[in-house]
Amino acid sequence: MKERTTPFIIDNLRGNKQFPTVWCPGCGNGVVLSSIVRAINKLGIDKNYVTLVSGIGCSGRLPAYVDVNTVHTTHGRALAYATGIKLAKPEMEVIVVMGDGDSLAIGGNHFIHTARRNIELTAIIINNRIYGMTGGQYSPATPTGSISTTSSYGNIDQPFDISKMAEVAGAGFVARSTVYHVAEVEKFIEKGIEKKGFSVIEVLSNCHTYYGRMNKIKGPVDLLNYFKDNTALNTTNIQGNEDKIQRGIFVDRDVRGFIEEYENVIVKARRQKKYSRT
Amino acid sequence: MKVKNIPYYGASRIVRDISCDIRESDYIPAFIQGNEACVEAAIMANLGFYGGYPITPSSEIAEMFSRRLPQDGKVFIQMEDEIASIASCIGASIGGLKSMTATSGPGFSLMQENIGYAVMAEIPVVIVDVQRLGPSTGAASSPAQGDVMQARWGTHGDHPILVLAPGSVKESFEMTILAFNFAERLRTPVIILSDEVIGHMREKILIPPQEYVLIENRKQPTERPASYKPYSNDTDVPPMSVIGQGYRHHITGLLHDENGFPTSNKQEINRWYDRIYKKFDDNIKDLFMYDEYMVDDAEYLFISFGISSRMAIKAVDNARKEGIKAGAVKLLTLWPLDEEYIASVVAGKKLVVVPEMNRGQLVYDIQRISEGKVPVKHVGRTDGVMIDPNAILEAIK
């Protein structure tokens with residue numbers, strides 16, 4: 001095992017970056033990090049043509065470890081930055097990593113509009129259902145009734161269904177899995193990258209430090225077991241499991257992406273008389 | 001007008017040092033708005049990306065780019081808000097394109113956080129703020145000069161910033177070219193502080209041919225990726241790689257070390273801070289641009305910028321007719337101020353007046369630099385009407 005793992009790490013993670021990571025031991029972010037790296041590797045994309053973009057929060061720290069082009073932007077705005085990067089370098093594979101608070105609260109507007117444009121980006125949302133970096137406050141994905149440091153009496157808000165929202169907003173590819181289902185996460189990310197248009201992969205993740213501790217699912221293993229027991233794959237084992245959280249690919253449609261459409265705009269504009277004073 | 005600091009010929013102070021004779025007949029006359037002049041200049045500066053959100057009185061800029069940029073195969077995108085607009089521009093600049101957005105006060109407020117990101121990550125980007133009246137929604141189509149301090153201090157935390165202030169359509173053209181040149185040269189966001197009058201006013205300008213205009217591009221690394229430091233402190237402005245070239249470095253809004261990785265090391269933080277201030281301090285004579293009008297023998301001095309500077313010049317003419325020795329300084333660069341120059345030009349004056357269409361913003365810095373040696377007075381108004389030259393003259397009587 002060691003012989004195979006070590007060169008893989010050397011090839012894909014940054015040697016000059018200090019490990020261990022900033023994350024708590026047992027954090028699900030590591031699973032997502034390794035899944036992204038394996039997916040990129042499997043697809044055989046040149047590292048120079050991958051850009052990992054993130055916002056703020058625990059997820060925001062993910063790109064720094066990976067040996068590709070990496071941009072750690074401001075809170076909620078990762079998709080807007082990524083839109084600029086992709087339009088400047090359409091040949092670049094731009095993958096955006098966000099948390100639930102990052103992508104749905106402060107960045108909610110950018111999320112729905114990026115989906116509406118169906119621009120050729122891959123968004124991976126690590127949904128740990130809490131604000132981890134700031135100390136365990138409730139997020140737009142925190143289930144109703146959950147305890148957090150700002151909902152001591154139980155959260156009264158309804159959580160967003162990220163995947164449904166991405167679907168109605170117009171994303172071309174939408175999938176959900178959990179950090180327990182590692183192989184599935186990797187497969188969905190791979191499909192998401194391959195898909196033209198806007199791809200959204202929601203990954204339910206564990207924050208045992210805050211969400212788990214306050215909601216009586218204490219350790220990382222307990223939370224992983226929770227994901228195992230409380231989710232069901234929508235294609236094979238949904239029968240009798242309708243009340244569980246669904247996993248799987250929910251949307252996989254061929255809608256023209258923004259960049260594809262913009263190429264048409266250029267063609268049309270060039271047919272018009274040139275606006276020029278000089 | 002006597003022009004200092006920058007080469008000047010005909011319609012443009014950004015004429016390249018060329019060996020052939022510059023012929024005035026090569027210039028193309030145009031009767032255009034200030035907003036349109038920004039568009040013409042940006043295209044000449046090789047703008048590659050415009051991301052914006054509609055807002056009065058800047059919308060013409062977006063409209064014109066939406067028609068022009070696709071014809072050149074360049075990118076125009078209307079984003080969902082001003083926050084996304086500036087973010088997309090910074091993203092495009094990371095991707096190697098010269099990028100620009102335009103807005104007015106309310107949108108400018110929304111952009112502030114990400115302007116700070118461009119300062120921190122040292123990403124060139126140009127922001128046009130066509131100022132309008134009042135805080136909040138204010139009066140959308142009335143002029144004001146109320147964003148002077150927001151342009152300086154709008155984003156949080158200590159930072160240097162470059163703010164240019166055109167006072168005419170011609171200067172809108174020139175300042176836009178210069179904004180791109182400075183942004184590229186210094187790896188910094190540059191703000192063009194226009195206003196509703198200049199944005200919408202039509203004036204005749206002479207557009208220079210492309211080959212007369214000096215266009216600067218960011219310095220790119222020549223070393224091997226392994227030895228490239230995107231935030232090297234060995235030089236004021238480290239070269240900036242374009243993604244995809246093989247450099248694969250990290251860009252972050254966190255305080256970072258020379259490689260771009262987050263740091264909490266006090267020495268590294270201090271070195272970064274010293275360098276980003278140094279790149280402004282070392283270049284202050286280039287960055288700080290101004291015009292003087294009858295200053296040499298002046299006993300009274302009007303220091304102004306933008307549209308108000310034209311009222312100040314008219315006030316000088318009126319004063320001279322009455323035998324009062326007045327002069328005017330028009331600041332084309334608002335921030336950073338060359339404090340040495342301001343101190344020398346106000347020295348010995350009987351009174352300095354700062355006319356600006358606000359309740360007092362630039363005047364406080366002029367007072368501070370004058371150190372109480374010269375009395376400094378403010379003349380302003382905030383009702384959407386330009387300052388009357390007579391009101392400036394009244395102030396010295």
# chains A, B, ... in the order shown; residues from 1 in each chain; ligands from 1

$ interface_residues --of "chain B" --to "chain A" --cutoff "9 Å" --atoms "only C-alpha atoms" --output "CSV table (one decimal) with all heavy atoms, in the first residue's frame"
chain,number,residue,atom,x,y,z
B,27,TYR,N,-5.1,62.1,-35.5
B,27,TYR,CA,-6.1,62.0,-34.4
B,27,TYR,C,-7.5,62.0,-35.0
B,27,TYR,O,-7.8,62.6,-35.9
B,27,TYR,CB,-6.0,63.1,-33.4
B,27,TYR,CG,-4.8,63.0,-32.5
B,27,TYR,CD1,-3.5,63.3,-33.0
B,27,TYR,CD2,-4.9,62.6,-31.2
B,27,TYR,CE1,-2.4,63.2,-32.3
B,27,TYR,CE2,-3.7,62.5,-30.4
B,27,TYR,CZ,-2.5,62.8,-30.9
B,27,TYR,OH,-1.4,62.7,-30.2
B,28,ILE,N,-8.4,61.2,-34.3
B,28,ILE,CA,-9.8,61.2,-34.8
B,28,ILE,C,-10.7,61.9,-33.9
B,28,ILE,O,-10.8,61.6,-32.7
B,28,ILE,CB,-10.3,59.7,-34.9
B,28,ILE,CG1,-9.5,59.0,-36.0
B,28,ILE,CG2,-11.8,59.6,-35.2
B,28,ILE,CD1,-9.4,57.5,-35.9
B,29,PRO,N,-11.3,63.0,-34.4
B,29,PRO,CA,-12.2,63.8,-33.5
B,29,PRO,C,-13.4,63.0,-33.2
B,29,PRO,O,-14.0,62.3,-34.0
B,29,PRO,CB,-12.5,65.0,-34.3
B,29,PRO,CG,-12.2,64.7,-35.7
B,29,PRO,CD,-11.3,63.5,-35.8
B,30,ALA,N,-13.9,63.2,-31.9
B,30,ALA,CA,-15.1,62.5,-31.5
B,30,ALA,C,-15.9,63.4,-30.6
B,30,ALA,O,-15.2,64.1,-29.7
B,30,ALA,CB,-14.8,61.2,-30.9
B,40,GLU,N,-13.8,53.8,-25.0
B,40,GLU,CA,-12.8,53.9,-26.1
B,40,GLU,C,-11.4,53.6,-25.6
B,40,GLU,O,-10.6,52.9,-26.2
B,40,GLU,CB,-12.9,55.3,-26.7
B,40,GLU,CG,-14.2,55.6,-27.4
B,40,GLU,CD,-14.4,54.8,-28.7
B,40,GLU,OE1,-13.4,54.2,-29.2
B,40,GLU,OE2,-15.5,54.7,-29.2
B,48,GLY,N,-9.7,42.9,-21.9
B,48,GLY,CA,-10.1,41.6,-22.3
B,48,GLY,C,-11.4,41.1,-21.7
B,48,GLY,O,-12.1,40.2,-22.2
B,49,PHE,N,-11.8,41.8,-20.6
B,49,PHE,CA,-13.0,41.3,-19.8
B,49,PHE,C,-13.7,42.5,-19.2
B,49,PHE,O,-13.0,43.3,-18.5
B,49,PHE,CB,-12.5,40.3,-18.8
B,49,PHE,CG,-13.6,39.7,-18.0
B,49,PHE,CD1,-14.1,38.5,-18.3
B,49,PHE,CD2,-14.1,40.3,-16.8
B,49,PHE,CE1,-15.1,37.9,-17.6
B,49,PHE,CE2,-15.1,39.8,-16.1
B,49,PHE,CZ,-15.6,38.5,-16.4
B,51,GLY,N,-17.0,42.8,-16.6
B,51,GLY,CA,-18.1,42.2,-15.8
B,51,GLY,C,-18.8,43.3,-15.0
B,51,GLY,O,-18.1,44.1,-14.3
B,67,ARG,N,-21.8,45.7,-26.8
B,67,ARG,CA,-21.8,45.7,-28.2
B,67,ARG,C,-20.4,45.5,-28.8
B,67,ARG,O,-20.2,44.8,-29.8
B,67,ARG,CB,-22.4,47.0,-28.7
B,67,ARG,CG,-23.9,47.1,-28.5
B,67,ARG,CD,-24.5,48.3,-29.2
B,67,ARG,NE,-24.1,49.6,-28.7
B,67,ARG,CZ,-24.8,50.3,-27.8
B,67,ARG,NH1,-25.9,49.8,-27.3
B,67,ARG,NH2,-24.3,51.4,-27.4
B,68,ARG,N,-19.4,46.2,-28.2
B,68,ARG,CA,-18.1,46.2,-28.7
B,68,ARG,C,-17.2,45.0,-28.5
B,68,ARG,O,-16.5,44.5,-29.4
B,68,ARG,CB,-17.4,47.5,-28.2
B,68,ARG,CG,-18.0,48.8,-28.5
B,68,ARG,CD,-17.6,49.4,-29.8
B,68,ARG,NE,-16.2,49.6,-30.0
B,68,ARG,CZ,-15.6,50.7,-29.8
B,68,ARG,NH1,-16.2,51.8,-29.4
B,68,ARG,NH2,-14.3,50.8,-30.0
B,69,LEU,N,-17.2,44.5,-27.2
B,69,LEU,CA,-16.3,43.5,-26.9
B,69,LEU,C,-16.5,42.2,-27.7
B,69,LEU,O,-15.5,41.6,-28.1
B,69,LEU,CB,-16.3,43.2,-25.4
B,69,LEU,CG,-15.7,44.3,-24.5
B,69,LEU,CD1,-15.8,44.0,-23.0
B,69,LEU,CD2,-14.3,44.7,-24.9
B,70,PRO,N,-17.7,41.7,-27.9
B,70,PRO,CA,-17.8,40.4,-28.6
B,70,PRO,C,-17.3,40.6,-30.1
B,70,PRO,O,-16.8,39.6,-30.6
B,70,PRO,CB,-19.3,40.2,-28.6
B,70,PRO,CG,-19.9,40.9,-27.5
B,70,PRO,CD,-19.0,42.1,-27.3
B,71,GLN,N,-17.4,41.8,-30.6
B,71,GLN,CA,-16.8,42.0,-32.0
B,71,GLN,C,-15.4,41.7,-32.1
B,71,GLN,O,-14.8,41.4,-33.1
B,71,GLN,CB,-17.2,43.4,-32.5
B,71,GLN,CG,-18.7,43.6,-32.7
B,71,GLN,CD,-18.9,44.9,-33.5
B,71,GLN,OE1,-18.3,45.9,-33.3
B,71,GLN,NE2,-20.0,44.8,-34.3
B,72,ASP,N,-14.7,42.0,-30.9
B,72,ASP,CA,-13.2,41.7,-30.9
B,72,ASP,C,-12.9,40.3,-30.3
B,72,ASP,O,-11.7,40.1,-30.0
B,72,ASP,CB,-12.5,42.8,-30.0
B,72,ASP,CG,-12.6,44.2,-30.7
B,72,ASP,OD1,-12.9,44.2,-31.9
B,72,ASP,OD2,-12.5,45.2,-29.9
B,73,GLY,N,-14.0,39.5,-30.0
B,73,GLY,CA,-13.7,38.2,-29.4
B,73,GLY,C,-13.4,38.3,-28.0
B,73,GLY,O,-12.9,37.4,-27.4
B,74,LYS,N,-13.7,39.5,-27.3
B,74,LYS,CA,-13.4,39.7,-25.9
B,74,LYS,C,-14.7,39.4,-25.1
B,74,LYS,O,-15.8,39.2,-25.7
B,74,LYS,CB,-13.0,41.1,-25.7
B,74,LYS,CG,-11.9,41.6,-26.6
B,74,LYS,CD,-10.5,41.3,-26.0
B,74,LYS,CE,-9.4,41.6,-27.0
B,74,LYS,NZ,-9.2,43.0,-27.2
B,75,VAL,N,-14.5,39.4,-23.8
B,75,VAL,CA,-15.7,38.9,-23.0
B,75,VAL,C,-16.4,40.1,-22.3
B,75,VAL,O,-15.8,41.0,-21.7
B,75,VAL,CB,-15.2,38.0,-21.8
B,75,VAL,CG1,-16.4,37.5,-21.0
B,75,VAL,CG2,-14.3,36.9,-22.4
B,79,MET,N,-23.2,40.4,-14.6
B,79,MET,CA,-23.2,39.5,-13.4
B,79,MET,C,-24.5,39.8,-12.6
B,79,MET,O,-25.2,40.7,-12.9
B,79,MET,CB,-22.0,39.7,-12.6
B,79,MET,CG,-20.7,39.2,-13.3
B,79,MET,SD,-20.7,37.5,-13.8
B,79,MET,CE,-20.4,36.7,-12.2
B,80,GLU,N,-24.7,39.0,-11.5
B,80,GLU,CA,-25.9,39.1,-10.8
B,80,GLU,C,-25.9,40.3,-9.8
B,80,GLU,O,-27.0,40.7,-9.3
B,80,GLU,CB,-26.2,37.8,-10.0
B,80,GLU,CG,-25.1,37.3,-9.2
B,80,GLU,CD,-24.1,36.4,-9.9
B,80,GLU,OE1,-24.1,36.5,-11.2
B,80,GLU,OE2,-23.4,35.6,-9.3
B,81,ASP,N,-24.8,40.8,-9.5
B,81,ASP,CA,-24.7,42.0,-8.6
B,81,ASP,C,-23.3,42.6,-8.7
B,81,ASP,O,-22.4,42.0,-9.4
B,81,ASP,CB,-25.1,41.7,-7.2
B,81,ASP,CG,-24.2,40.6,-6.5
B,81,ASP,OD1,-23.1,40.5,-6.9
B,81,ASP,OD2,-24.7,39.9,-5.6
B,83,ILE,N,-21.0,42.7,-6.4
B,83,ILE,CA,-20.0,41.9,-5.7
B,83,ILE,C,-19.5,40.9,-6.7
B,83,ILE,O,-18.3,40.7,-6.9
B,83,ILE,CB,-20.7,41.2,-4.5
B,83,ILE,CG1,-21.2,42.2,-3.5
B,83,ILE,CG2,-19.6,40.3,-3.8
B,83,ILE,CD1,-22.0,41.6,-2.4
B,84,ALA,N,-20.4,40.2,-7.4
B,84,ALA,CA,-20.0,39.2,-8.4
B,84,ALA,C,-19.2,39.9,-9.6
B,84,ALA,O,-18.3,39.3,-10.2
B,84,ALA,CB,-21.2,38.5,-9.0
B,85,SER,N,-19.6,41.1,-9.9
B,85,SER,CA,-18.9,41.8,-11.0
B,85,SER,C,-17.5,42.0,-10.8
B,85,SER,O,-16.6,41.6,-11.6
B,85,SER,CB,-19.6,43.2,-11.2
B,85,SER,OG,-20.9,43.1,-11.5
B,86,ILE,N,-17.1,42.6,-9.6
B,86,ILE,CA,-15.7,42.8,-9.3
B,86,ILE,C,-15.0,41.5,-9.1
B,86,ILE,O,-13.9,41.3,-9.5
B,86,ILE,CB,-15.5,43.7,-8.1
B,86,ILE,CG1,-14.1,43.9,-7.7
B,86,ILE,CG2,-16.3,43.2,-6.8
B,86,ILE,CD1,-13.4,45.0,-8.4
B,87,ALA,N,-15.7,40.5,-8.5
B,87,ALA,CA,-15.1,39.2,-8.3
B,87,ALA,C,-14.8,38.5,-9.7
B,87,ALA,O,-13.7,38.0,-9.8
B,87,ALA,CB,-16.0,38.3,-7.5
B,88,SER,N,-15.7,38.6,-10.6
B,88,SER,CA,-15.4,38.0,-11.9
B,88,SER,C,-14.2,38.7,-12.6
B,88,SER,O,-13.4,38.1,-13.3
B,88,SER,CB,-16.7,38.1,-12.8
B,88,SER,OG,-17.0,39.4,-13.2
B,89,CYS,N,-14.2,40.1,-12.4
B,89,CYS,CA,-13.1,40.8,-13.0
B,89,CYS,C,-11.7,40.4,-12.4
B,89,CYS,O,-10.7,40.2,-13.2
B,89,CYS,CB,-13.2,42.3,-12.8
B,89,CYS,SG,-14.5,43.1,-13.8
B,90,ILE,N,-11.7,40.2,-11.1
B,90,ILE,CA,-10.4,39.7,-10.5
B,90,ILE,C,-10.1,38.3,-11.0
B,90,ILE,O,-8.9,38.0,-11.3
B,90,ILE,CB,-10.5,39.8,-9.0
B,90,ILE,CG1,-10.8,41.2,-8.5
B,90,ILE,CG2,-9.3,39.2,-8.3
B,90,ILE,CD1,-11.1,41.4,-7.0
B,91,GLY,N,-11.1,37.5,-11.1
B,91,GLY,CA,-10.9,36.1,-11.7
B,91,GLY,C,-10.3,36.2,-13.1
B,91,GLY,O,-9.3,35.5,-13.4
B,92,ALA,N,-10.9,37.1,-13.9
B,92,ALA,CA,-10.4,37.2,-15.3
B,92,ALA,C,-9.0,37.7,-15.3
B,92,ALA,O,-8.2,37.3,-16.2
B,92,ALA,CB,-11.3,38.1,-16.1
B,93,SER,N,-8.6,38.6,-14.4
B,93,SER,CA,-7.3,39.1,-14.4
B,93,SER,C,-6.3,38.0,-13.9
B,93,SER,O,-5.2,38.0,-14.4
B,93,SER,CB,-7.2,40.3,-13.4
B,93,SER,OG,-6.0,41.0,-13.5
B,94,ILE,N,-6.7,37.2,-13.0
B,94,ILE,CA,-5.9,36.0,-12.6
B,94,ILE,C,-5.7,35.1,-13.9
B,94,ILE,O,-4.6,34.6,-14.1
B,94,ILE,CB,-6.6,35.2,-11.5
B,94,ILE,CG1,-6.6,36.0,-10.2
B,94,ILE,CG2,-6.0,33.8,-11.3
B,94,ILE,CD1,-7.4,35.4,-9.1
B,95,GLY,N,-6.7,35.1,-14.7
B,95,GLY,CA,-6.6,34.4,-16.0
B,95,GLY,C,-5.8,35.1,-17.1
B,95,GLY,O,-5.8,34.6,-18.2
B,96,GLY,N,-5.3,36.3,-16.8
B,96,GLY,CA,-4.4,36.9,-17.7
B,96,GLY,C,-5.0,38.1,-18.5
B,96,GLY,O,-4.3,38.7,-19.3
B,97,LEU,N,-6.3,38.3,-18.3
B,97,LEU,CA,-6.9,39.4,-19.1
B,97,LEU,C,-6.9,40.7,-18.3
B,97,LEU,O,-7.1,40.7,-17.1
B,97,LEU,CB,-8.4,39.0,-19.4
B,97,LEU,CG,-8.6,37.8,-20.3
B,97,LEU,CD1,-10.1,37.6,-20.6
B,97,LEU,CD2,-7.8,37.8,-21.6
B,113,GLU,N,-15.3,44.9,-0.4
B,113,GLU,CA,-14.5,43.8,0.2
B,113,GLU,C,-13.6,43.2,-0.9
B,113,GLU,O,-12.4,42.8,-0.5
B,113,GLU,CB,-15.5,42.7,0.7
B,113,GLU,CG,-14.8,41.6,1.4
B,113,GLU,CD,-15.6,40.3,1.5
B,113,GLU,OE1,-16.7,40.2,1.0
B,113,GLU,OE2,-15.1,39.4,2.2
B,114,ASN,N,-14.1,43.0,-2.1
B,114,ASN,CA,-13.3,42.4,-3.1
B,114,ASN,C,-12.2,43.3,-3.7
B,114,ASN,O,-11.2,42.8,-4.2
B,114,ASN,CB,-14.1,41.8,-4.2
B,114,ASN,CG,-14.9,40.6,-3.7
B,114,ASN,OD1,-14.2,39.6,-3.3
B,114,ASN,ND2,-16.2,40.6,-3.6
B,117,TYR,N,-9.5,42.4,-1.7
B,117,TYR,CA,-8.9,41.1,-2.1
B,117,TYR,C,-7.8,41.4,-3.2
B,117,TYR,O,-6.7,40.8,-3.2
B,117,TYR,CB,-9.9,40.2,-2.7
B,117,TYR,CG,-9.4,38.8,-3.0
B,117,TYR,CD1,-9.3,37.8,-2.1
B,117,TYR,CD2,-8.9,38.6,-4.3
B,117,TYR,CE1,-8.8,36.5,-2.5
B,117,TYR,CE2,-8.4,37.3,-4.7
B,117,TYR,CZ,-8.3,36.3,-3.8
B,117,TYR,OH,-7.8,35.1,-4.1
B,207,ILE,N,-9.2,61.4,-30.4
B,207,ILE,CA,-8.7,60.1,-30.1
B,207,ILE,C,-7.4,59.8,-30.8
B,207,ILE,O,-7.4,59.9,-32.1
B,207,ILE,CB,-9.8,59.0,-30.4
B,207,ILE,CG1,-11.0,59.4,-29.6
B,207,ILE,CG2,-9.3,57.6,-30.1
B,207,ILE,CD1,-12.2,58.4,-29.8
B,208,PRO,N,-6.3,59.5,-30.1
B,208,PRO,CA,-5.1,59.3,-30.7
B,208,PRO,C,-5.1,57.9,-31.4
B,208,PRO,O,-5.8,57.0,-31.0
B,208,PRO,CB,-4.1,59.3,-29.6
B,208,PRO,CG,-4.8,58.9,-28.4
B,208,PRO,CD,-6.2,59.4,-28.6
B,209,PRO,N,-4.3,57.8,-32.5
B,209,PRO,CA,-4.1,56.4,-33.1
B,209,PRO,C,-3.4,55.5,-32.1
B,209,PRO,O,-2.6,55.9,-31.3
B,209,PRO,CB,-3.3,56.7,-34.3
B,209,PRO,CG,-2.6,58.0,-34.1
B,209,PRO,CD,-3.4,58.8,-33.1
B,210,GLN,N,-3.7,54.2,-32.2
B,210,GLN,CA,-3.2,53.2,-31.3
B,210,GLN,C,-1.7,53.3,-31.1
B,210,GLN,O,-1.2,53.2,-30.0
B,210,GLN,CB,-3.6,51.8,-31.7
B,210,GLN,CG,-3.1,50.7,-30.9
B,210,GLN,CD,-4.1,50.3,-29.7
B,210,GLN,OE1,-5.3,50.1,-30.0
B,210,GLN,NE2,-3.6,50.3,-28.5
B,243,ILE,N,-2.3,31.8,-15.0
B,243,ILE,CA,-2.5,30.4,-14.8
B,243,ILE,C,-2.5,29.7,-16.1
B,243,ILE,O,-2.9,30.2,-17.1
B,243,ILE,CB,-3.9,30.2,-14.0
B,243,ILE,CG1,-5.0,30.9,-14.8
B,243,ILE,CG2,-3.8,30.6,-12.6
B,243,ILE,CD1,-6.4,30.5,-14.3
B,244,GLY,N,-2.0,28.4,-16.0
B,244,GLY,CA,-1.9,27.6,-17.2
B,244,GLY,C,-0.5,27.6,-17.8
B,244,GLY,O,-0.1,26.9,-18.6
B,245,GLN,N,0.4,28.5,-17.2
B,245,GLN,CA,1.8,28.6,-17.7
B,245,GLN,C,2.7,27.7,-17.0
B,245,GLN,O,3.9,27.6,-17.3
B,245,GLN,CB,2.3,30.0,-17.5
B,245,GLN,CG,1.8,31.1,-18.5
B,245,GLN,CD,2.3,32.4,-18.2
B,245,GLN,OE1,2.7,32.7,-17.0
B,245,GLN,NE2,2.4,33.3,-19.2
B,246,GLY,N,2.2,26.9,-16.0
B,246,GLY,CA,3.0,26.0,-15.3
B,246,GLY,C,3.5,26.4,-14.0
B,246,GLY,O,4.2,25.7,-13.3
B,247,TYR,N,3.1,27.6,-13.5
B,247,TYR,CA,3.6,28.1,-12.2
B,247,TYR,C,2.8,27.5,-11.0
B,247,TYR,O,3.4,27.4,-10.0
B,247,TYR,CB,3.7,29.6,-12.2
B,247,TYR,CG,4.8,30.1,-13.1
B,247,TYR,CD1,4.6,30.4,-14.4
B,247,TYR,CD2,6.1,30.2,-12.6
B,247,TYR,CE1,5.6,30.8,-15.3
B,247,TYR,CE2,7.2,30.6,-13.4
B,247,TYR,CZ,6.9,30.9,-14.8
B,247,TYR,OH,8.0,31.3,-15.6
B,248,ARG,N,1.6,27.3,-11.2
B,248,ARG,CA,0.7,26.6,-10.2
B,248,ARG,C,0.9,27.0,-8.8
B,248,ARG,O,1.2,26.3,-7.9
B,248,ARG,CB,1.0,25.0,-10.3
B,248,ARG,CG,0.6,24.4,-11.6
B,248,ARG,CD,0.4,22.9,-11.4
B,248,ARG,NE,1.6,22.2,-10.8
B,248,ARG,CZ,2.6,21.8,-11.5
B,248,ARG,NH1,2.6,21.9,-12.8
B,248,ARG,NH2,3.6,21.2,-10.9
B,249,HIS,N,0.8,28.3,-8.6
B,249,HIS,CA,1.0,28.8,-7.2
B,249,HIS,C,-0.3,29.1,-6.6
B,249,HIS,O,-1.4,29.0,-7.2
B,249,HIS,CB,2.0,30.0,-7.2
B,249,HIS,CG,1.4,31.2,-7.9
B,249,HIS,ND1,0.5,32.1,-7.3
B,249,HIS,CD2,1.6,31.7,-9.1
B,249,HIS,CE1,0.1,33.0,-8.1
B,249,HIS,NE2,0.8,32.8,-9.2
B,250,HIS,N,-0.3,29.5,-5.3
B,250,HIS,CA,-1.5,29.7,-4.5
B,250,HIS,C,-1.8,31.2,-4.4
B,250,HIS,O,-0.9,32.0,-4.3
B,250,HIS,CB,-1.3,29.2,-3.1
B,250,HIS,CG,-2.5,29.1,-2.3
B,250,HIS,ND1,-3.7,28.5,-2.8
B,250,HIS,CD2,-2.8,29.6,-1.0
B,250,HIS,CE1,-4.6,28.6,-1.8
B,250,HIS,NE2,-4.2,29.3,-0.8
B,251,ILE,N,-3.0,31.6,-4.6
B,251,ILE,CA,-3.5,33.0,-4.5
B,251,ILE,C,-4.5,33.0,-3.3
B,251,ILE,O,-5.4,32.2,-3.3
B,251,ILE,CB,-4.1,33.5,-5.8
B,251,ILE,CG1,-3.1,33.4,-6.9
B,251,ILE,CG2,-4.6,34.9,-5.6
B,251,ILE,CD1,-3.7,33.7,-8.3
B,252,THR,N,-4.3,33.9,-2.4
B,252,THR,CA,-5.2,33.9,-1.2
B,252,THR,C,-5.5,35.4,-0.8
B,252,THR,O,-4.6,36.2,-1.0
B,252,THR,CB,-4.7,33.0,-0.1
B,252,THR,OG1,-5.6,33.1,1.0
B,252,THR,CG2,-3.3,33.4,0.4
B,253,GLY,N,-6.6,35.6,-0.1
B,253,GLY,CA,-6.9,36.8,0.6
B,253,GLY,C,-6.3,36.9,2.0
B,253,GLY,O,-6.4,37.9,2.7
B,254,LEU,N,-5.8,35.7,2.4
B,254,LEU,CA,-5.1,35.7,3.7
B,254,LEU,C,-3.7,36.4,3.6
B,254,LEU,O,-3.1,36.4,2.5
B,254,LEU,CB,-4.9,34.3,4.2
B,254,LEU,CG,-6.1,33.5,4.7
B,254,LEU,CD1,-5.8,32.0,4.7
B,254,LEU,CD2,-6.6,33.9,6.1
B,261,PHE,N,1.4,31.3,0.4
B,261,PHE,CA,0.7,30.5,1.4
B,261,PHE,C,0.4,31.3,2.7
B,261,PHE,O,1.2,32.2,3.0
B,261,PHE,CB,1.6,29.3,1.7
B,261,PHE,CG,1.6,28.3,0.6
B,261,PHE,CD1,2.9,27.9,0.1
B,261,PHE,CD2,0.5,27.7,0.0
B,261,PHE,CE1,3.0,27.1,-1.0
B,261,PHE,CE2,0.6,26.9,-1.0
B,261,PHE,CZ,1.8,26.5,-1.5
B,262,PRO,N,-0.7,31.0,3.3
B,262,PRO,CA,-1.1,31.8,4.5
B,262,PRO,C,0.0,31.8,5.5
B,262,PRO,O,0.7,30.8,5.7
B,262,PRO,CB,-2.3,31.0,5.0
B,262,PRO,CG,-2.8,30.3,3.8
B,262,PRO,CD,-1.7,30.0,2.9

$ residues_around --residues "stretch 180-186 of chain B" --least-positions-apart "6" --cutoff "7 Å" --atoms "only C-alpha atoms" --output "list in words"
Ala45, Pro124, Val125, Val126, Ile215, Glu216, Asn217, Arg218, Val237 and Lys279 of chain B

$ write_last_selection --atoms "N, CA and C atoms" --output "compact mmCIF listing (two decimals), in the first residue's frame"
# COMPACT_ATOMS: atom_id res chain seq x y z
N ALA B 45 -6.60 50.16 -24.53
CA ALA B 45 -5.66 49.58 -23.56
C ALA B 45 -5.67 48.05 -23.60
N PRO B 124 -4.20 43.12 -10.78
CA PRO B 124 -4.59 44.35 -11.48
C PRO B 124 -6.07 44.32 -11.88
N VAL B 125 -6.78 45.40 -11.62
CA VAL B 125 -8.17 45.51 -12.03
C VAL B 125 -8.53 47.00 -12.01
N VAL B 126 -9.41 47.43 -12.91
CA VAL B 126 -9.80 48.84 -12.97
C VAL B 126 -11.28 48.96 -12.64
N ILE B 215 0.97 51.53 -24.04
CA ILE B 215 0.19 50.54 -23.29
C ILE B 215 1.16 49.64 -22.53
N GLU B 216 0.95 49.54 -21.23
CA GLU B 216 1.82 48.69 -20.41
C GLU B 216 1.13 47.38 -20.09
N ASN B 217 1.93 46.34 -19.97
CA ASN B 217 1.41 45.03 -19.58
C ASN B 217 2.18 44.52 -18.38
N ARG B 218 1.52 43.67 -17.60
CA ARG B 218 2.16 43.16 -16.38
C ARG B 218 3.43 42.40 -16.72
N VAL B 237 7.46 45.15 -7.10
CA VAL B 237 6.34 44.52 -7.79
C VAL B 237 6.82 43.21 -8.40
N LYS B 279 5.67 50.16 -2.90
CA LYS B 279 5.50 50.30 -4.35
C LYS B 279 4.73 51.57 -4.69
